[in-house]
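Enquirer: Pasting coords.cif here (mmCIF, C-alpha atoms and all ligand atoms):
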```
data_input
#
loop_
_atom_site.label_atom_id
_atom_site.label_comp_id
_atom_site.auth_asym_id
_atom_site.auth_seq_id
_atom_site.Cartn_x
_atom_site.Cartn_y
_atom_site.Cartn_z
CA MET C 1126 6.18 -37.48 -12.77
CA SER C 1127 5.19 -36.62 -9.22
CA GLU C 1128 1.56 -35.97 -8.30
CA PRO C 1129 0.43 -32.43 -7.53
CA VAL C 1130 0.13 -31.29 -3.93
CA PRO C 1131 -3.42 -29.92 -3.65
CA LEU C 1132 -3.96 -26.36 -2.48
CA ALA C 1133 -5.26 -27.25 1.00
CA GLU C 1134 -2.25 -29.43 1.69
CA TYR C 1135 0.16 -26.94 0.13
CA LEU C 1136 -1.12 -24.07 2.29
CA ALA C 1137 -1.12 -26.20 5.42
CA SER C 1138 2.52 -27.08 4.79
CA LYS C 1139 3.48 -23.41 4.38
CA PRO C 1140 1.78 -21.47 7.16
CA SER C 1141 4.35 -18.65 7.01
CA LEU C 1142 3.28 -17.62 3.49
CA LYS C 1143 1.95 -14.09 3.60
CA PHE C 1144 1.99 -12.57 0.11
CA PHE C 1145 0.06 -14.19 -2.70
CA PHE C 1146 -0.14 -13.16 -6.34
CA THR C 1147 -2.39 -14.37 -9.12
CA GLY C 1148 -1.35 -13.94 -12.72
CA GLY C 1149 -2.38 -15.30 -16.09
CA LYS C 1150 -3.66 -14.36 -19.51
CA GLY C 1151 -6.50 -11.83 -19.75
CA GLY C 1152 -9.90 -13.06 -18.62
CA VAL C 1153 -8.83 -16.49 -17.29
CA GLY C 1154 -10.02 -15.88 -13.73
CA LYS C 1155 -7.16 -14.12 -11.92
CA THR C 1156 -9.51 -11.86 -9.99
CA VAL C 1157 -11.89 -14.62 -8.95
CA CYS C 1158 -9.02 -16.90 -7.87
CA ALA C 1159 -7.44 -14.09 -5.85
CA ALA C 1160 -10.84 -13.51 -4.23
CA GLY C 1161 -11.30 -17.24 -3.59
CA LEU C 1162 -7.91 -17.46 -1.88
CA ALA C 1163 -8.55 -14.32 0.16
CA TYR C 1164 -12.00 -15.56 1.16
CA HIS C 1165 -10.54 -18.85 2.35
CA PHE C 1166 -7.89 -17.16 4.50
CA ALA C 1167 -10.36 -14.68 5.98
CA GLU C 1168 -12.91 -17.36 6.81
CA SER C 1169 -10.16 -19.42 8.47
CA GLY C 1170 -9.67 -16.55 10.89
CA GLU C 1171 -6.71 -14.80 9.26
CA LYS C 1172 -6.90 -11.05 8.81
CA THR C 1173 -6.67 -10.73 5.05
CA LEU C 1174 -6.22 -7.93 2.54
CA LEU C 1175 -7.22 -8.39 -1.09
CA ALA C 1176 -5.45 -5.78 -3.23
CA SER C 1177 -6.23 -5.17 -6.88
CA LEU C 1178 -3.22 -4.01 -8.88
CA ASN C 1179 -5.12 -4.16 -12.14
CA PRO C 1180 -5.56 -0.77 -13.79
CA VAL C 1181 -9.07 -1.96 -14.66
CA HIS C 1182 -10.55 -2.89 -11.33
CA SER C 1183 -13.16 -5.54 -10.79
CA LEU C 1184 -13.32 -6.21 -7.05
CA SER C 1185 -16.29 -3.89 -6.62
CA SER C 1186 -18.40 -5.69 -9.20
CA LEU C 1187 -17.20 -9.09 -8.03
CA PHE C 1188 -18.18 -8.46 -4.41
CA GLU C 1189 -21.17 -6.29 -5.39
CA GLN C 1190 -20.08 -3.49 -3.09
CA GLU C 1191 -18.20 -0.22 -3.39
CA LEU C 1192 -14.55 -1.06 -2.89
CA TRP C 1193 -13.04 1.61 -5.12
CA GLY C 1194 -11.48 4.86 -4.01
CA GLY C 1195 -7.92 3.68 -3.41
CA VAL C 1196 -8.38 3.08 0.32
CA ILE C 1197 -8.65 -0.14 2.31
CA LYS C 1198 -12.26 -1.03 3.08
CA PRO C 1199 -13.76 -3.89 5.04
CA VAL C 1200 -15.62 -6.35 2.80
CA GLU C 1201 -19.20 -6.65 3.96
CA GLY C 1202 -20.37 -10.17 4.57
CA VAL C 1203 -16.90 -11.70 5.05
CA ARG C 1204 -15.31 -11.42 8.45
CA ASN C 1205 -11.58 -10.57 8.54
CA LEU C 1206 -11.56 -9.58 4.88
CA TYR C 1207 -10.47 -6.16 3.63
CA ALA C 1208 -10.01 -4.95 0.08
CA ILE C 1209 -8.37 -2.14 -1.83
CA GLU C 1210 -8.49 -1.19 -5.48
CA VAL C 1211 -5.25 0.70 -5.91
CA ASP C 1212 -5.99 4.00 -7.56
CA ILE C 1213 -3.38 4.24 -10.25
CA LYS C 1214 -4.64 7.55 -11.64
CA ASP C 1215 -3.89 9.43 -8.41
CA ARG C 1216 -0.53 7.78 -8.15
CA VAL C 1217 0.43 8.62 -11.72
CA GLU C 1218 -0.63 12.24 -11.20
CA ALA C 1219 1.38 12.44 -7.97
CA TYR C 1220 4.33 10.90 -9.82
CA LYS C 1221 4.09 13.50 -12.55
CA ARG C 1222 4.01 16.32 -10.02
CA GLN C 1223 7.02 14.94 -8.15
CA LEU C 1224 8.90 14.33 -11.33
CA ALA C 1225 8.16 17.85 -12.54
CA GLU C 1226 9.39 19.33 -9.28
CA LYS C 1227 12.57 17.30 -9.37
CA LEU C 1228 13.28 18.05 -12.99
CA ARG C 1229 12.79 21.78 -12.48
CA TRP C 1230 15.00 21.65 -9.42
CA PHE C 1231 17.65 19.68 -11.24
CA LEU C 1232 17.72 21.93 -14.32
CA LYS C 1233 18.08 24.96 -12.08
CA TRP C 1234 20.70 23.30 -9.90
CA ALA C 1235 22.75 22.24 -12.89
CA ASP C 1236 22.35 25.64 -14.58
CA ILE C 1237 20.79 24.10 -17.65
CA PRO C 1238 18.90 26.86 -19.43
CA VAL C 1239 16.05 24.85 -20.97
CA LYS C 1240 12.35 24.62 -20.30
CA ALA C 1241 11.43 21.67 -18.07
CA GLU C 1242 7.95 21.08 -19.52
CA PRO C 1243 8.87 19.09 -22.66
CA PHE C 1244 11.03 16.74 -20.57
CA ILE C 1245 8.25 16.24 -18.07
CA GLU C 1246 5.82 15.45 -20.90
CA ILE C 1247 8.16 12.85 -22.36
CA ALA C 1248 8.89 11.22 -19.03
CA ALA C 1249 5.23 11.13 -18.02
CA THR C 1250 3.93 9.59 -21.23
CA ASN C 1251 6.38 6.72 -21.06
CA PRO C 1252 4.27 3.50 -20.90
CA ALA C 1253 6.53 2.10 -18.19
CA PHE C 1254 5.41 5.00 -16.04
CA GLU C 1255 2.08 3.43 -15.12
CA GLU C 1256 3.77 0.16 -14.39
CA SER C 1257 6.31 1.71 -12.10
CA ALA C 1258 3.55 3.61 -10.33
CA MET C 1259 1.75 0.28 -9.85
CA PHE C 1260 4.94 -1.41 -8.72
CA ASP C 1261 5.57 1.35 -6.24
CA ASN C 1262 2.06 0.94 -4.91
CA MET C 1263 2.56 -2.76 -4.49
CA ILE C 1264 5.76 -2.22 -2.52
CA ASP C 1265 3.92 0.33 -0.41
CA ILE C 1266 1.25 -2.18 0.48
CA MET C 1267 3.78 -4.93 1.18
CA LEU C 1268 5.92 -2.76 3.43
CA LYS C 1269 3.21 -0.71 5.13
CA GLU C 1270 0.41 -3.25 5.47
CA GLY C 1271 2.52 -6.38 5.91
CA GLU C 1272 2.46 -5.88 9.67
CA ASN C 1273 -1.29 -5.27 9.78
CA TYR C 1274 -2.46 -8.38 7.97
CA ASP C 1275 -1.84 -12.11 8.22
CA LYS C 1276 -2.27 -12.60 4.48
CA ILE C 1277 -2.19 -10.21 1.53
CA VAL C 1278 -3.48 -11.39 -1.84
CA PHE C 1279 -2.61 -9.31 -4.92
CA ASP C 1280 -4.74 -9.51 -8.02
CA CYS C 1281 -2.34 -8.62 -10.83
CA ALA C 1282 -2.96 -7.33 -14.32
CA ALA C 1283 -2.43 -9.61 -17.31
CA VAL C 1284 0.54 -11.85 -16.84
CA ALA C 1285 3.08 -10.00 -18.94
CA ASN C 1286 2.33 -6.97 -16.89
CA ALA C 1287 2.58 -8.84 -13.61
CA VAL C 1288 5.90 -10.41 -14.44
CA ARG C 1289 7.22 -7.11 -15.68
CA LEU C 1290 6.12 -5.54 -12.42
CA LEU C 1291 8.06 -8.12 -10.50
CA GLY C 1292 10.97 -8.16 -12.90
CA LEU C 1293 11.18 -4.41 -12.64
CA SER C 1294 12.71 -4.79 -9.21
CA LYS C 1295 15.81 -6.28 -10.79
CA ILE C 1296 16.04 -3.60 -13.45
CA TYR C 1297 15.26 -0.86 -10.96
CA ASP C 1298 18.12 -2.04 -8.84
CA LEU C 1299 20.64 -1.84 -11.67
CA TRP C 1300 19.29 1.50 -12.79
CA LEU C 1301 19.38 2.93 -9.29
CA ASP C 1302 22.94 1.82 -8.72
CA ARG C 1303 23.92 3.61 -11.90
CA MET C 1304 21.96 6.73 -11.01
CA ILE C 1305 23.36 6.92 -7.50
CA LYS C 1306 26.89 6.43 -8.75
CA SER C 1307 26.69 9.15 -11.38
CA ARG C 1308 24.95 11.45 -8.92
CA GLU C 1309 27.76 10.90 -6.43
CA GLU C 1310 30.30 11.67 -9.12
CA ALA C 1311 28.50 14.83 -10.17
CA LEU C 1312 28.22 15.99 -6.58
CA SER C 1313 31.83 15.32 -5.66
CA LEU C 1314 32.93 17.21 -8.74
CA ARG C 1315 30.86 20.13 -7.60
CA VAL C 1316 32.55 20.08 -4.19
CA ARG C 1317 35.97 19.90 -5.77
CA LEU C 1318 35.25 22.83 -8.05
CA SER C 1319 33.65 24.91 -5.35
CA PHE C 1320 35.40 27.78 -3.52
CA ARG C 1321 33.13 27.37 -0.55
CA LYS C 1322 33.53 23.68 0.23
CA ASP C 1323 31.39 23.82 3.37
CA LYS C 1324 28.54 25.38 1.46
CA ALA C 1325 28.80 22.85 -1.34
CA MET C 1326 28.77 20.00 1.17
CA GLU C 1327 25.69 21.39 2.81
CA GLU C 1328 23.98 21.60 -0.56
CA ILE C 1329 24.83 17.98 -1.23
CA ARG C 1330 23.37 16.85 2.04
CA LYS C 1331 20.15 18.53 1.00
CA ASP C 1332 20.21 17.11 -2.50
CA PRO C 1333 16.66 15.82 -2.93
CA MET C 1334 17.45 13.66 -5.92
CA MET C 1335 20.14 11.75 -4.07
CA ARG C 1336 17.88 11.31 -1.07
CA ASP C 1337 15.07 10.01 -3.27
CA LEU C 1338 17.32 7.57 -5.05
CA MET C 1339 18.69 6.20 -1.79
CA ASP C 1340 15.19 5.87 -0.32
CA MET C 1341 13.99 4.06 -3.39
CA ARG C 1342 16.92 1.67 -3.35
CA GLU C 1343 16.26 0.90 0.29
CA ARG C 1344 12.58 0.20 -0.44
CA ILE C 1345 13.37 -2.07 -3.37
CA LYS C 1346 15.89 -3.95 -1.28
CA GLU C 1347 13.24 -4.52 1.38
CA ALA C 1348 10.65 -5.55 -1.18
CA LYS C 1349 13.01 -7.95 -2.92
CA LYS C 1350 13.76 -9.64 0.36
CA ILE C 1351 10.06 -10.44 0.56
CA PHE C 1352 9.49 -11.27 -3.13
CA ASN C 1353 12.30 -13.75 -3.32
CA ASN C 1354 11.50 -15.50 -0.09
CA PRO C 1355 9.66 -18.78 -0.78
CA ASP C 1356 8.50 -18.92 2.85
CA ARG C 1357 6.72 -15.58 2.51
CA THR C 1358 5.63 -15.23 -1.10
CA ALA C 1359 3.87 -17.43 -3.64
CA PHE C 1360 2.91 -16.56 -7.18
CA PHE C 1361 -0.06 -18.50 -8.60
CA PHE C 1362 -0.89 -18.81 -12.27
CA VAL C 1363 -4.40 -19.20 -13.54
CA THR C 1364 -5.24 -20.96 -16.79
CA LEU C 1365 -8.27 -22.28 -18.59
CA PRO C 1366 -8.15 -25.77 -20.13
CA LEU C 1367 -7.29 -24.23 -23.50
CA ALA C 1368 -4.10 -24.22 -25.59
CA LEU C 1369 -3.25 -20.53 -25.49
CA PRO C 1370 -3.53 -19.79 -21.75
CA ILE C 1371 -1.70 -23.05 -20.99
CA SER C 1372 1.27 -22.08 -23.16
CA VAL C 1373 1.24 -18.58 -21.69
CA VAL C 1374 1.44 -20.02 -18.17
CA LYS C 1375 4.22 -22.38 -19.18
CA ARG C 1376 6.26 -19.54 -20.63
CA PHE C 1377 5.71 -17.22 -17.72
CA ILE C 1378 6.56 -19.78 -15.08
CA ASP C 1379 10.05 -19.91 -16.57
CA MET C 1380 10.21 -16.14 -16.67
CA VAL C 1381 9.13 -15.75 -13.04
CA LYS C 1382 11.68 -18.33 -11.97
CA GLY C 1383 14.29 -16.27 -13.80
CA PHE C 1384 13.45 -13.38 -11.49
CA ASP C 1385 13.73 -15.65 -8.42
CA ILE C 1386 10.04 -15.28 -7.67
CA PRO C 1387 8.70 -18.38 -5.93
CA VAL C 1388 5.96 -20.16 -7.90
CA GLY C 1389 3.11 -21.37 -5.69
CA GLY C 1390 1.35 -23.32 -8.39
CA VAL C 1391 -1.31 -23.33 -11.08
CA PHE C 1392 -5.11 -23.09 -10.88
CA VAL C 1393 -6.98 -24.65 -13.76
CA ASN C 1394 -10.20 -22.67 -13.95
CA GLY C 1395 -13.41 -23.17 -15.90
CA VAL C 1396 -13.31 -26.96 -16.14
CA LEU C 1397 -16.44 -28.40 -17.75
CA PRO C 1398 -17.67 -31.07 -15.29
CA LYS C 1399 -17.69 -34.60 -16.66
CA ALA C 1400 -20.93 -35.53 -14.92
CA LEU C 1401 -22.63 -32.65 -16.74
CA ALA C 1402 -21.14 -33.11 -20.18
CA MET C 1403 -21.23 -36.89 -20.40
CA ARG C 1404 -24.54 -37.54 -18.65
CA GLU C 1405 -27.15 -39.51 -20.48
CA GLY C 1406 -29.05 -37.33 -22.90
CA ALA C 1407 -26.46 -34.52 -22.86
CA GLU C 1408 -26.18 -32.54 -26.09
CA ASP C 1409 -23.47 -33.60 -28.54
CA TYR C 1410 -22.24 -30.05 -28.26
CA LEU C 1411 -21.38 -30.58 -24.59
CA LYS C 1412 -19.86 -33.99 -25.24
CA ASN C 1413 -17.66 -32.56 -27.96
CA LYS C 1414 -16.59 -29.71 -25.71
CA TYR C 1415 -15.71 -32.20 -23.03
CA MET C 1416 -13.67 -34.35 -25.43
CA GLU C 1417 -11.84 -31.27 -26.60
CA GLN C 1418 -11.14 -30.36 -22.99
CA GLU C 1419 -9.71 -33.84 -22.39
CA GLY C 1420 -7.09 -33.01 -25.03
CA TYR C 1421 -6.11 -29.85 -23.19
CA MET C 1422 -6.07 -31.72 -19.88
CA GLY C 1423 -3.47 -33.97 -21.54
CA MET C 1424 -1.45 -30.87 -22.28
CA ILE C 1425 -1.78 -29.72 -18.65
CA ARG C 1426 -0.69 -33.16 -17.45
CA ARG C 1427 2.29 -33.05 -19.74
CA ASP C 1428 3.44 -29.48 -19.11
CA LEU C 1429 2.20 -28.31 -15.73
CA TRP C 1430 1.02 -31.32 -13.78
CA PRO C 1431 3.05 -31.29 -10.51
CA LEU C 1432 2.33 -27.57 -10.15
CA VAL C 1433 -1.45 -27.87 -10.37
CA ARG C 1434 -2.97 -26.91 -7.00
CA ALA C 1435 -6.65 -26.86 -7.88
CA MET C 1436 -9.15 -27.36 -10.66
CA ILE C 1437 -12.22 -25.19 -10.58
CA PRO C 1438 -15.45 -26.12 -12.35
CA LEU C 1439 -17.09 -23.92 -14.92
CA TYR C 1440 -20.15 -22.62 -13.09
CA GLU C 1441 -23.47 -22.08 -14.75
CA SER C 1442 -23.20 -18.33 -14.30
CA GLU C 1443 -20.40 -15.84 -13.80
CA ILE C 1444 -18.99 -15.43 -10.30
CA VAL C 1445 -20.63 -12.52 -8.54
CA GLY C 1446 -21.33 -11.94 -4.87
CA VAL C 1447 -20.01 -13.38 -1.62
CA LYS C 1448 -22.02 -16.60 -1.83
CA MET C 1449 -20.48 -17.62 -5.13
CA ILE C 1450 -17.00 -16.62 -3.98
CA ALA C 1451 -17.54 -18.88 -0.96
CA LYS C 1452 -18.47 -21.75 -3.29
CA LEU C 1453 -15.40 -21.07 -5.43
CA ALA C 1454 -13.12 -21.00 -2.37
CA ASP C 1455 -14.62 -24.29 -1.24
CA ASP C 1456 -14.02 -25.89 -4.65
CA MET C 1457 -10.45 -24.59 -4.72
CA MET C 1458 -9.73 -26.00 -1.30
CA LYS C 1459 -11.30 -29.41 -1.78
CA TRP C 1460 -9.66 -30.36 -5.08
CA LYS C 1461 -7.42 -33.42 -5.10
CA PRO C 1462 -5.70 -35.12 -8.04
CA GLY C 1463 -7.68 -38.08 -9.31
CA VAL C 1464 -11.05 -36.68 -8.24
CA GLU C 1465 -13.25 -36.04 -11.25
CA ILE C 1466 -14.62 -32.49 -11.60
N1 LIG Z 1501 -15.17 -21.02 -13.03
C1 LIG Z 1501 -15.92 -20.06 -13.55
N2 LIG Z 1501 -17.22 -20.28 -13.88
C2 LIG Z 1501 -17.97 -19.31 -14.42
N3 LIG Z 1501 -17.55 -18.06 -14.65
C3 LIG Z 1501 -16.28 -17.77 -14.35
C4 LIG Z 1501 -15.40 -18.73 -13.78
N4 LIG Z 1501 -14.20 -18.14 -13.57
C5 LIG Z 1501 -14.32 -16.87 -13.97
N5 LIG Z 1501 -15.57 -16.62 -14.43
C6 LIG Z 1501 -16.06 -15.37 -14.99
O1 LIG Z 1501 -15.22 -15.01 -16.06
C7 LIG Z 1501 -14.98 -13.62 -16.08
C8 LIG Z 1501 -13.48 -13.34 -16.00
O2 LIG Z 1501 -13.00 -13.69 -14.70
P1 LIG Z 1501 -11.96 -12.74 -13.95
O3 LIG Z 1501 -12.44 -11.36 -13.96
O4 LIG Z 1501 -11.60 -13.34 -12.66
O5 LIG Z 1501 -10.73 -12.89 -14.97
P2 LIG Z 1501 -9.37 -12.06 -14.95
O6 LIG Z 1501 -8.30 -13.01 -15.37
O7 LIG Z 1501 -9.21 -11.37 -13.66
O8 LIG Z 1501 -9.66 -11.01 -16.13
P3 LIG Z 1501 -8.79 -9.69 -16.46
O9 LIG Z 1501 -7.63 -10.16 -17.24
O10 LIG Z 1501 -9.75 -8.88 -17.26
O11 LIG Z 1501 -8.44 -9.05 -15.15
C9 LIG Z 1501 -15.77 -13.03 -14.94
O12 LIG Z 1501 -17.00 -12.59 -15.41
C10 LIG Z 1501 -15.96 -14.22 -14.00
O13 LIG Z 1501 -17.13 -14.12 -13.22
MG MG Z 1502 -9.02 -9.33 -13.24
#
```
I need this file expressed as structure tokens, please.
Expert:
Amino acid sequence: MSEPVPLAEYLASKPSLKFFFTGGKGGVGKTVCAAGLAYHFAESGEKTLLASLNPVHSLSSLFEQELWGGVIKPVEGVRNLYAIEVDIKDRVEAYKRQLAEKLRWFLKWADIPVKAEPFIEIAATNPAFEESAMFDNMIDIMLKEGENYDKIVFDCAAVANAVRLLGLSKIYDLWLDRMIKSREEALSLRVRLSFRKDKAMEEIRKDPMMRDLMDMRERIKEAKKIFNNPDRTAFFFVTLPLALPISVVKRFIDMVKGFDIPVGGVFVNGVLPKALAMREGAEDYLKNKYMEQEGYMGMIRRDLWPLVRAMIPLYESEIVGVKMIAKLADDMMKWKPGVEI
């Protein structure tokens, strides 16, 4: 099996990469790895945006500064670094309002004599609703901010969510094609049945639903061009040296590949350092933990090895503040296969 290409070398060989994603099981270190990557880029002189797509944000507590509010803010203490915690609540509310307007318009337009409210309620409580709002936000950032930043790092929600977000683009596409087609059919029927063809045509040109659908399809097409481009986008998975997160990463790598999303690699986080665990006089507890970890490292070697880009030590405290993020970024960038953690 081939040896992994370490992160520093990997990034140096792909300078055109612009969009980075971190995904993985809950709590494995997605946010800290996204921050570590973003810190590295920013400190190397690249204008960088760190965007949290997690409904539960943690950038503010990680950087110990107020980064919430759904707007891009400069990160104090790190030159060239900006951050945004995407405000999903506002987006979902705006979605609901838009949806309500469209539904009311549509029911009136189609002469359907029912109350719109129950439909709006059903549509808005759909669990996929939040995800599509998040997905829409991500596309927004990619398309609108892509020009303004050299690198954009997205901190995604738990992996299933992240992959669904990305996979949604495929499903959206199919759905939109269907919607546009049936809308076209409905509209052309209306023209055919109409006495005043010119008036009907004018109405069609103004049809807000059709316009929305076309806009959305255009946006998704643009976004997919970026997502599926291995020179622009890389999706990184984070795991701990433990059975469950390793198998989750293994499964999701296949899934992401199925959506043509380029995999950048795997970060193995929270590695108990050998020098600490096996030093003379170390507690049996630590030694046992280390031996257990060796077993999981075997699993990583077997299942993920060529994709590993960095191993990150388990620090003595949680990662908070710019200084610790700097240390993490340094550890991520200096890892090489064969070097003991
Ligand atoms: N290498 C490490 N050493 C010590 N603490 C760590 C390390 N990596 C992460 N942590 C801590 O573990 C916790 C979880 O990390 P993080 O928030 O990055 O995980 P996450 O995958 O983003 O979680 P969530 O799924 O909730 O978004 C945080 O408190 C973080 O500071
Ligand atoms: Mg997180």
Enquirer: List as an MDAnalysis selection string the protein and nucleic acid residues lying within 7 Å of ligand MG 1502 (chain Z), with all atoms listed in the file counted.
Expert: chainID C and resid 1152 1154:1156 1179 1182:1183 1280 1282
Enquirer: Output the neighbourhood of ligand LIG 1501 (chain Z) as a CSV table (one decimal) with C-alpha atoms, keeping the file's coordinate frame, that is, all protein and nucleic acid residues with some atom at most 6 Å from the ligand, counting all atoms listed in the file.
Expert:
```csv
chain,number,residue,atom,x,y,z
C,1151,GLY,CA,-6.5,-11.8,-19.8
C,1152,GLY,CA,-9.9,-13.1,-18.6
C,1153,VAL,CA,-8.8,-16.5,-17.3
C,1154,GLY,CA,-10.0,-15.9,-13.7
C,1155,LYS,CA,-7.2,-14.1,-11.9
C,1156,THR,CA,-9.5,-11.9,-10.0
C,1157,VAL,CA,-11.9,-14.6,-9.0
C,1282,ALA,CA,-3.0,-7.3,-14.3
C,1283,ALA,CA,-2.4,-9.6,-17.3
C,1394,ASN,CA,-10.2,-22.7,-14.0
C,1395,GLY,CA,-13.4,-23.2,-15.9
C,1437,ILE,CA,-12.2,-25.2,-10.6
C,1438,PRO,CA,-15.4,-26.1,-12.4
C,1439,LEU,CA,-17.1,-23.9,-14.9
C,1440,TYR,CA,-20.2,-22.6,-13.1
C,1442,SER,CA,-23.2,-18.3,-14.3
C,1443,GLU,CA,-20.4,-15.8,-13.8
C,1444,ILE,CA,-19.0,-15.4,-10.3
```
Enquirer: Can you tell me, as a ChimeraX atom specification, which residues sit within 7 Å of (-7.9, -9.9, 2.3) in the file's frame, using only C-alpha atoms?
Expert: /C:1163,1167,1172-1175,1206-1208,1276-1278
Enquirer: I need the chosen residues saved as a PDB file, keeping the file's coordinate frame, with C-alpha atoms.
Expert:
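File again-v8.pdb, as written:
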```pdb
ATOM      1  CA  ALA C1163      -8.550 -14.320   0.160  1.00  0.00           C
ATOM      2  CA  ALA C1167     -10.360 -14.680   5.980  1.00  0.00           C
ATOM      3  CA  LYS C1172      -6.900 -11.050   8.810  1.00  0.00           C
ATOM      4  CA  THR C1173      -6.670 -10.730   5.050  1.00  0.00           C
ATOM      5  CA  LEU C1174      -6.220  -7.930   2.540  1.00  0.00           C
ATOM      6  CA  LEU C1175      -7.220  -8.390  -1.090  1.00  0.00           C
ATOM      7  CA  LEU C1206     -11.560  -9.580   4.880  1.00  0.00           C
ATOM      8  CA  TYR C1207     -10.470  -6.160   3.630  1.00  0.00           C
ATOM      9  CA  ALA C1208     -10.010  -4.950   0.080  1.00  0.00           C
ATOM     10  CA  LYS C1276      -2.270 -12.600   4.480  1.00  0.00           C
ATOM     11  CA  ILE C1277      -2.190 -10.210   1.530  1.00  0.00           C
ATOM     12  CA  VAL C1278      -3.480 -11.390  -1.840  1.00  0.00           C
TER      13      VAL C1278
END
```
Enquirer: Interatomic distance between CA of Leu1187 in chain C and CA of Val1211 in chain C?
Expert: 15.6 Å
Enquirer: With all atoms listed in the file counted, which protein, DNA or RNA residues have an atom no more than 8 Å from (8.6, -16.5, -6.6) in the file frame? Please answer as a ChimeraX atom specification.
Expert: /C:1352-1355,1358-1360,1381-1382,1384-1389
Enquirer: Mind giving me the straight-line distance from CA of Asp1261 in chain C to CA of Val1373 in chain C in Å, one decimal?
Expert: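 Calculated distance between CA of Asp1261 in chain C and CA of Val1373 in chain C is 25.6 Å.
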Enquirer: Between C:Leu1365, C:Asp1275, C:Gly1423, C:Met1449, which is the closest to Met1436 in chain C once you count all atoms listed in the file?
Expert: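 Going through C:Leu1365, C:Asp1275, C:Gly1423, C:Met1449 one by one, the smallest distance to Met1436 in chain C is for C:Leu1365.
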Enquirer: For a quick check of understanding, using only C-alpha atoms, which of C:Ile1197, C:Val1374, C:Ile1345, C:Met1380 has the smallest distance to Val1433 in chain C?
Expert: C:Val1374
Enquirer: How would range 1302-1317 of chain C read, as a compact mmCIF listing (two decimals), in the frame of the given file, once N, CA and C atoms are built in?
Expert:
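Generated file (selection32.txt):
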```
# COMPACT_ATOMS: atom_id res chain seq x y z
N ASP C 1302 21.50 1.84 -9.00
CA ASP C 1302 22.94 1.82 -8.72
C ASP C 1302 23.68 2.80 -9.62
N ARG C 1303 23.32 2.72 -10.92
CA ARG C 1303 23.92 3.61 -11.90
C ARG C 1303 23.66 5.08 -11.55
N MET C 1304 22.37 5.35 -11.28
CA MET C 1304 21.96 6.73 -11.01
C MET C 1304 22.69 7.28 -9.79
N ILE C 1305 22.75 6.45 -8.74
CA ILE C 1305 23.36 6.92 -7.50
C ILE C 1305 24.85 7.18 -7.73
N LYS C 1306 25.47 6.28 -8.49
CA LYS C 1306 26.89 6.43 -8.75
C LYS C 1306 27.17 7.73 -9.53
N SER C 1307 26.38 7.96 -10.58
CA SER C 1307 26.69 9.15 -11.38
C SER C 1307 26.33 10.42 -10.62
N ARG C 1308 25.32 10.30 -9.76
CA ARG C 1308 24.95 11.45 -8.92
C ARG C 1308 26.09 11.77 -7.94
N GLU C 1309 26.64 10.71 -7.37
CA GLU C 1309 27.76 10.90 -6.43
C GLU C 1309 28.93 11.57 -7.14
N GLU C 1310 29.18 11.10 -8.36
CA GLU C 1310 30.30 11.67 -9.12
C GLU C 1310 30.07 13.15 -9.41
N ALA C 1311 28.83 13.44 -9.85
CA ALA C 1311 28.50 14.83 -10.17
C ALA C 1311 28.65 15.71 -8.93
N LEU C 1312 28.18 15.20 -7.81
CA LEU C 1312 28.22 15.99 -6.58
C LEU C 1312 29.65 16.20 -6.09
N SER C 1313 30.47 15.17 -6.18
CA SER C 1313 31.83 15.32 -5.66
C SER C 1313 32.62 16.27 -6.55
N LEU C 1314 32.30 16.26 -7.84
CA LEU C 1314 32.93 17.21 -8.74
C LEU C 1314 32.57 18.63 -8.34
N ARG C 1315 31.34 18.81 -7.99
CA ARG C 1315 30.86 20.13 -7.60
C ARG C 1315 31.60 20.62 -6.34
N VAL C 1316 31.82 19.68 -5.41
CA VAL C 1316 32.55 20.08 -4.19
C VAL C 1316 33.98 20.46 -4.55
N ARG C 1317 34.58 19.64 -5.41
CA ARG C 1317 35.97 19.90 -5.77
C ARG C 1317 36.14 21.25 -6.47
```
